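Working notes, beginning with the structure itself.
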Amino acid sequence: MVASSVPTSSKPPKPTLKRIVTGSEASPPWDGFDSILEIPDGGDSRKNAWLTLQLRVKLNFCDSKNSTSDRLSQSGGKWFARDANGYLFPALDWTPDLTNSFMRGFVKRAEDTWNYQYLLVTPRDCDELDYTAEWKSACPLKVRPNVLCLFRMAVIGPSGLLDNTPAGGPLRTGKPHRTIDVFNLDKTTRSVKLAADVTSTTDKPGQKNISTFNDGTFRSDDSDYDDSDLFRPRVIDSRNTVKHTTIGHEVGHALGQSHILGLNGDDKCAIGAATGNDDRCYGSDADKWDIMGSGDRMYLVNAISWKQRITLHTGVSPAFWTASGVTATPPRTLPNAMVDAGLAPQFW
């Protein structure tokens, strides 16, 4: 007999299903976002459940009128933004139109990257999500839905919440999970120097020449972006059309994900490891194309944020949830009368 590809959970007695989980209820590194698990109302037996991860981000647009960032400094009447490597880039003031364009583009890039990419296949003996649906009046069905993996980004800008409609996410209101400083750089700049307190090396010379600006010119991190991170993504593999996406990558970190080698089990590349940002942690060959490498590809390993969070909603271990990229996978069903009579199989 060939074993089913849908695992069973060997779970303890049925826990109380938890609809909303906040970041404070989770353990690091999975504590930087909230989530909501929603089960269909039974009107349609073809519907799966939804697990939405909600991230709230405050974007702090730093310039001469808003010099709150410790990465922003003034010298000789000019303002400079310091990148993660210690280089000082001339910075310009933000305009209202550019600020609005960045906020809306940021939301779109984040959601295009992470929303509706995966489905979690419900374990065959997990009945926590089951619901009853009318198929025909004489034959209502017991439905075992899978779980669609959704993502919503809510942005707090200079005037407050950017989108306070349902499109902003079901958990859009509340304290931001993180604040990101964003700099508008002067694109006429052709060279930048290291800050005085940074020692130059062979790999990091005292002066760096710039031929063109892209999302790799200014070294961003999870708390500091520049405008090119959205507007000027670079191609890392033209033959395979792989682009780098700073925003998608950094949102992955916000969802608890390490660089790709860390996701693949290398402890030296895990979040918080002293060597977690080493170049090798970004992977090589096809691994490097992953969103948590240097590219924009989404692999099944990137469903881990939903697998970790579904456990807090259902009490069923992440190990028993199978991630799939086939988001159209339908629920499983049995006649409700069979289930009520105790005639249903233990695993289905």
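Residues in the structure tokens are named by chain (A, B, ... in the order shown) and by number from 1 within that chain; ligands are numbered from 1 in the order shown.
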* What lies within 9 Å of Gln308 of chain A using only C-alpha atoms, ignoring chain neighbours under 6 positions off, as a ChimeraX atom specification? -> /A:30,317-318
Suppose we keep N, CA, C and O atoms; can you now write the selection as a PDB file, in the first residue's frame?
ATOM      1  N   TRP A  30       9.355  34.345  15.399  1.00  0.00           N
ATOM      2  CA  TRP A  30       8.019  34.376  14.787  1.00  0.00           C
ATOM      3  C   TRP A  30       7.085  35.335  15.517  1.00  0.00           C
ATOM      4  O   TRP A  30       5.861  35.226  15.411  1.00  0.00           O
ATOM      5  N   SER A 317       1.311  20.608  15.427  1.00  0.00           N
ATOM      6  CA  SER A 317       2.709  20.924  15.143  1.00  0.00           C
ATOM      7  C   SER A 317       2.951  21.305  13.684  1.00  0.00           C
ATOM      8  O   SER A 317       2.313  20.765  12.775  1.00  0.00           O
ATOM      9  N   PRO A 318       3.916  22.229  13.434  1.00  0.00           N
ATOM     10  CA  PRO A 318       4.257  22.591  12.051  1.00  0.00           C
ATOM     11  C   PRO A 318       4.657  21.393  11.200  1.00  0.00           C
ATOM     12  O   PRO A 318       4.449  21.394   9.980  1.00  0.00           O
TER      13      PRO A 318
END
Could the residues of segment 134-153 of chain A that have an atom at most 8 Å from segment 31-45 of chain A be listed as CSV, each with its closest atom pair and the distance in Å to one decimal, counting only C-alpha atoms and ordered by chain and ascending residue number?
residue,atom,partner,partner_atom,distance
A:Glu134,CA,A:Gly43,CA,6.8
A:Trp135,CA,A:Ser45,CA,6.9
A:Leu141,CA,A:Ser45,CA,7.4
A:Val143,CA,A:Ser45,CA,6.4
* Name the closest residue to Ile247 of chain A among the candidates A:Met103, A:Ile156, A:Ala270, A:Ala337; distances are taken between atoms, counting only C-alpha atoms. => A:Met103
* To do: Identify which of the residues A:Asp229, A:Gly105, A:Asn115, A:Cys269 lies closest to Val182 of chain A, counting only C-alpha atoms when measuring atom-to-atom distances.
  => A:Asp229
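Each of A:Ile180, A:Val107, A:Leu119, A:Val192 was checked against Asp70 of chain A using only C-alpha atoms; the smallest atom-to-atom distance is that of A:Ile180.
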